[in-house]
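Chemist: Okay, here's the structure, questions in a sec.
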Amino acid sequence: MSLSLKDDHTINISGDDVGIAIGRYGETLMALERLVNLMLNRSAGVNFRVRLDSNGYRDRREESIRRIAASAAKKLLTKTSL
């Protein structure tokens with residue numbers, strides 16, 4: 001695994017086993033982000049936030065959730081218009 005820091009304070013995790021860092025539905029990635037931010041803020045004493053990502057996973061997940069929500073809304077509207 002390798003890490004790279006982008007200008008928008010995003011740490012990108014890449015490599016062969018990134019699925020382990022992402023976890024189920026991004027839970028591990030979010031937990032790691034929480035821990036990293038806690039460590040940074042406690043040691044630096046400044047409210048500074050970083051964002052963890054893995055090769056665009058967060059954007060892909062957000063788009064997937066949007067599609068699921070749109071599909072559910074469409075089904076609801078179809079059922080209520082009967």
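A note on labels: chains of the structure tokens are A, B, ... as shown, every chain counts residues from 1, and ligands are counted from 1 in their shown order.
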Determine, counting only C-alpha atoms, which protein, DNA and RNA residues have an atom within 8 Å of an atom of Glu33 in chain A; residues of the same chain fewer than 2 positions away are not included. Present the result as a JSON list (two decimals) with N, CA, C and O atoms, in the first residue's frame.
Modeler:
[["chain", "number", "residue", "atom", "x", "y", "z"],
["A", 29, "LEU", "N", -12.52, 2.66, 6.21],
["A", 29, "LEU", "CA", -11.95, 3.91, 5.73],
["A", 29, "LEU", "C", -12.42, 5.09, 6.59],
["A", 29, "LEU", "O", -11.62, 5.94, 6.99],
["A", 30, "MET", "N", -13.70, 5.11, 6.91],
["A", 30, "MET", "CA", -14.25, 6.19, 7.75],
["A", 30, "MET", "C", -13.67, 6.13, 9.16],
["A", 30, "MET", "O", -13.36, 7.17, 9.76],
["A", 31, "ALA", "N", -13.52, 4.93, 9.72],
["A", 31, "ALA", "CA", -12.96, 4.78, 11.06],
["A", 31, "ALA", "C", -11.50, 5.22, 11.08],
["A", 31, "ALA", "O", -11.07, 5.93, 12.02],
["A", 35, "LEU", "N", -9.82, 8.32, 13.27],
["A", 35, "LEU", "CA", -8.64, 8.16, 14.12],
["A", 35, "LEU", "C", -7.51, 9.10, 13.72],
["A", 35, "LEU", "O", -6.87, 9.73, 14.59],
["A", 36, "VAL", "N", -7.27, 9.21, 12.43],
["A", 36, "VAL", "CA", -6.20, 10.10, 11.96],
["A", 36, "VAL", "C", -6.51, 11.54, 12.36],
["A", 36, "VAL", "O", -5.63, 12.26, 12.85],
["A", 37, "ASN", "N", -7.76, 11.97, 12.19],
["A", 37, "ASN", "CA", -8.13, 13.34, 12.57],
["A", 37, "ASN", "C", -8.03, 13.57, 14.07],
["A", 37, "ASN", "O", -7.59, 14.64, 14.50],
["A", 50, "VAL", "N", -8.33, 15.99, 7.70],
["A", 50, "VAL", "CA", -7.91, 15.34, 6.47],
["A", 50, "VAL", "C", -9.02, 14.37, 6.06],
["A", 50, "VAL", "O", -9.86, 13.98, 6.88],
["A", 51, "ARG", "N", -9.02, 14.00, 4.82],
["A", 51, "ARG", "CA", -10.01, 13.08, 4.28],
["A", 51, "ARG", "C", -9.26, 11.90, 3.70],
["A", 51, "ARG", "O", -8.29, 12.08, 2.98],
["A", 52, "LEU", "N", -9.68, 10.69, 4.04],
["A", 52, "LEU", "CA", -9.06, 9.50, 3.48],
["A", 52, "LEU", "C", -9.90, 9.01, 2.32],
["A", 52, "LEU", "O", -11.13, 9.00, 2.38]]
Chemist: Contacts of Ile11 in chain A at 9 Å or less, counting only C-alpha atoms, minus same-chain residues fewer than 2 places along, as a PyMOL selection string?
Modeler: chain A and resi 3-6+8-9+13+50-54
Chemist: Determine the nearest neighbour of Arg49 in chain A from the options A:Thr28, A:Ser64, A:Thr10, A:Thr78, counting only C-alpha atoms.
Modeler: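 Answer, going by the shortest atom-to-atom distance: A:Thr10.
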Chemist: Using DSSP on the backbone, list every residue of chain A that comes out as strand (DSSP E), and give them as a list in words.
Modeler: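 Strand (DSSP E) assignments inside chain A correspond to Ser2, Leu3, Ser4, Leu5, Thr10, Ile11, Asn12, Ile13, Ser14, Arg51, Leu52 and Asp53 of chain A.
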Chemist: Write out as a PyMOL selection string all residues of chain A that backbone DSSP assigns to helix (DSSP H, G or I).
Modeler: chain A and resi 18-22+24-44+57-80
Chemist: Go ahead and dump the residues you just picked, C-alpha atoms, as a PDB file, in the first residue's frame.
Modeler:
ATOM      1  CA  VAL A  18      -6.882  -1.435  -0.579  1.00  0.00           C
ATOM      2  CA  GLY A  19     -10.093  -3.387  -0.030  1.00  0.00           C
ATOM      3  CA  ILE A  20      -8.852  -4.055   3.493  1.00  0.00           C
ATOM      4  CA  ALA A  21      -8.425  -0.317   4.116  1.00  0.00           C
ATOM      5  CA  ILE A  22     -11.876   0.435   2.659  1.00  0.00           C
ATOM      6  CA  ARG A  24     -17.411  -3.099   4.132  1.00  0.00           C
ATOM      7  CA  TYR A  25     -19.286  -0.111   2.669  1.00  0.00           C
ATOM      8  CA  GLY A  26     -16.311   2.128   3.528  1.00  0.00           C
ATOM      9  CA  GLU A  27     -16.642   1.597   7.281  1.00  0.00           C
ATOM     10  CA  THR A  28     -12.938   0.917   7.850  1.00  0.00           C
ATOM     11  CA  LEU A  29     -11.950   3.911   5.732  1.00  0.00           C
ATOM     12  CA  MET A  30     -14.247   6.185   7.746  1.00  0.00           C
ATOM     13  CA  ALA A  31     -12.959   4.783  11.062  1.00  0.00           C
ATOM     14  CA  LEU A  32      -9.346   5.282   9.975  1.00  0.00           C
ATOM     15  CA  GLU A  33     -10.176   8.850   8.935  1.00  0.00           C
ATOM     16  CA  ARG A  34     -11.723   9.506  12.344  1.00  0.00           C
ATOM     17  CA  LEU A  35      -8.640   8.156  14.124  1.00  0.00           C
ATOM     18  CA  VAL A  36      -6.199  10.102  11.956  1.00  0.00           C
ATOM     19  CA  ASN A  37      -8.127  13.339  12.565  1.00  0.00           C
ATOM     20  CA  LEU A  38      -8.258  12.713  16.309  1.00  0.00           C
ATOM     21  CA  MET A  39      -4.508  12.098  16.418  1.00  0.00           C
ATOM     22  CA  LEU A  40      -3.727  15.178  14.310  1.00  0.00           C
ATOM     23  CA  ASN A  41      -5.957  17.479  16.320  1.00  0.00           C
ATOM     24  CA  ARG A  42      -4.740  16.262  19.703  1.00  0.00           C
ATOM     25  CA  SER A  43      -1.066  16.415  18.830  1.00  0.00           C
ATOM     26  CA  ALA A  44      -1.213  19.720  16.918  1.00  0.00           C
ATOM     27  CA  TYR A  57     -13.881   5.153  -3.759  1.00  0.00           C
ATOM     28  CA  ARG A  58     -15.772   7.849  -1.864  1.00  0.00           C
ATOM     29  CA  ASP A  59     -17.015   9.530  -5.050  1.00  0.00           C
ATOM     30  CA  ARG A  60     -18.083   6.176  -6.521  1.00  0.00           C
ATOM     31  CA  ARG A  61     -19.887   5.253  -3.288  1.00  0.00           C
ATOM     32  CA  GLU A  62     -21.659   8.616  -3.159  1.00  0.00           C
ATOM     33  CA  GLU A  63     -22.860   8.175  -6.754  1.00  0.00           C
ATOM     34  CA  SER A  64     -24.061   4.656  -5.952  1.00  0.00           C
ATOM     35  CA  ILE A  65     -26.061   5.934  -2.973  1.00  0.00           C
ATOM     36  CA  ARG A  66     -27.572   8.668  -5.151  1.00  0.00           C
ATOM     37  CA  ARG A  67     -28.717   6.052  -7.696  1.00  0.00           C
ATOM     38  CA  ILE A  68     -30.226   3.896  -4.946  1.00  0.00           C
ATOM     39  CA  ALA A  69     -32.081   6.889  -3.478  1.00  0.00           C
ATOM     40  CA  ALA A  70     -33.383   7.964  -6.902  1.00  0.00           C
ATOM     41  CA  SER A  71     -34.577   4.426  -7.620  1.00  0.00           C
ATOM     42  CA  ALA A  72     -36.347   4.202  -4.254  1.00  0.00           C
ATOM     43  CA  ALA A  73     -38.004   7.597  -4.812  1.00  0.00           C
ATOM     44  CA  LYS A  74     -39.134   6.541  -8.283  1.00  0.00           C
ATOM     45  CA  LYS A  75     -40.658   3.321  -6.901  1.00  0.00           C
ATOM     46  CA  LEU A  76     -42.425   5.271  -4.160  1.00  0.00           C
ATOM     47  CA  LEU A  77     -43.862   7.777  -6.635  1.00  0.00           C
ATOM     48  CA  THR A  78     -45.031   4.952  -8.897  1.00  0.00           C
ATOM     49  CA  LYS A  79     -46.796   3.193  -6.027  1.00  0.00           C
ATOM     50  CA  THR A  80     -48.466   6.345  -4.672  1.00  0.00           C
TER      51      THR A  80
END
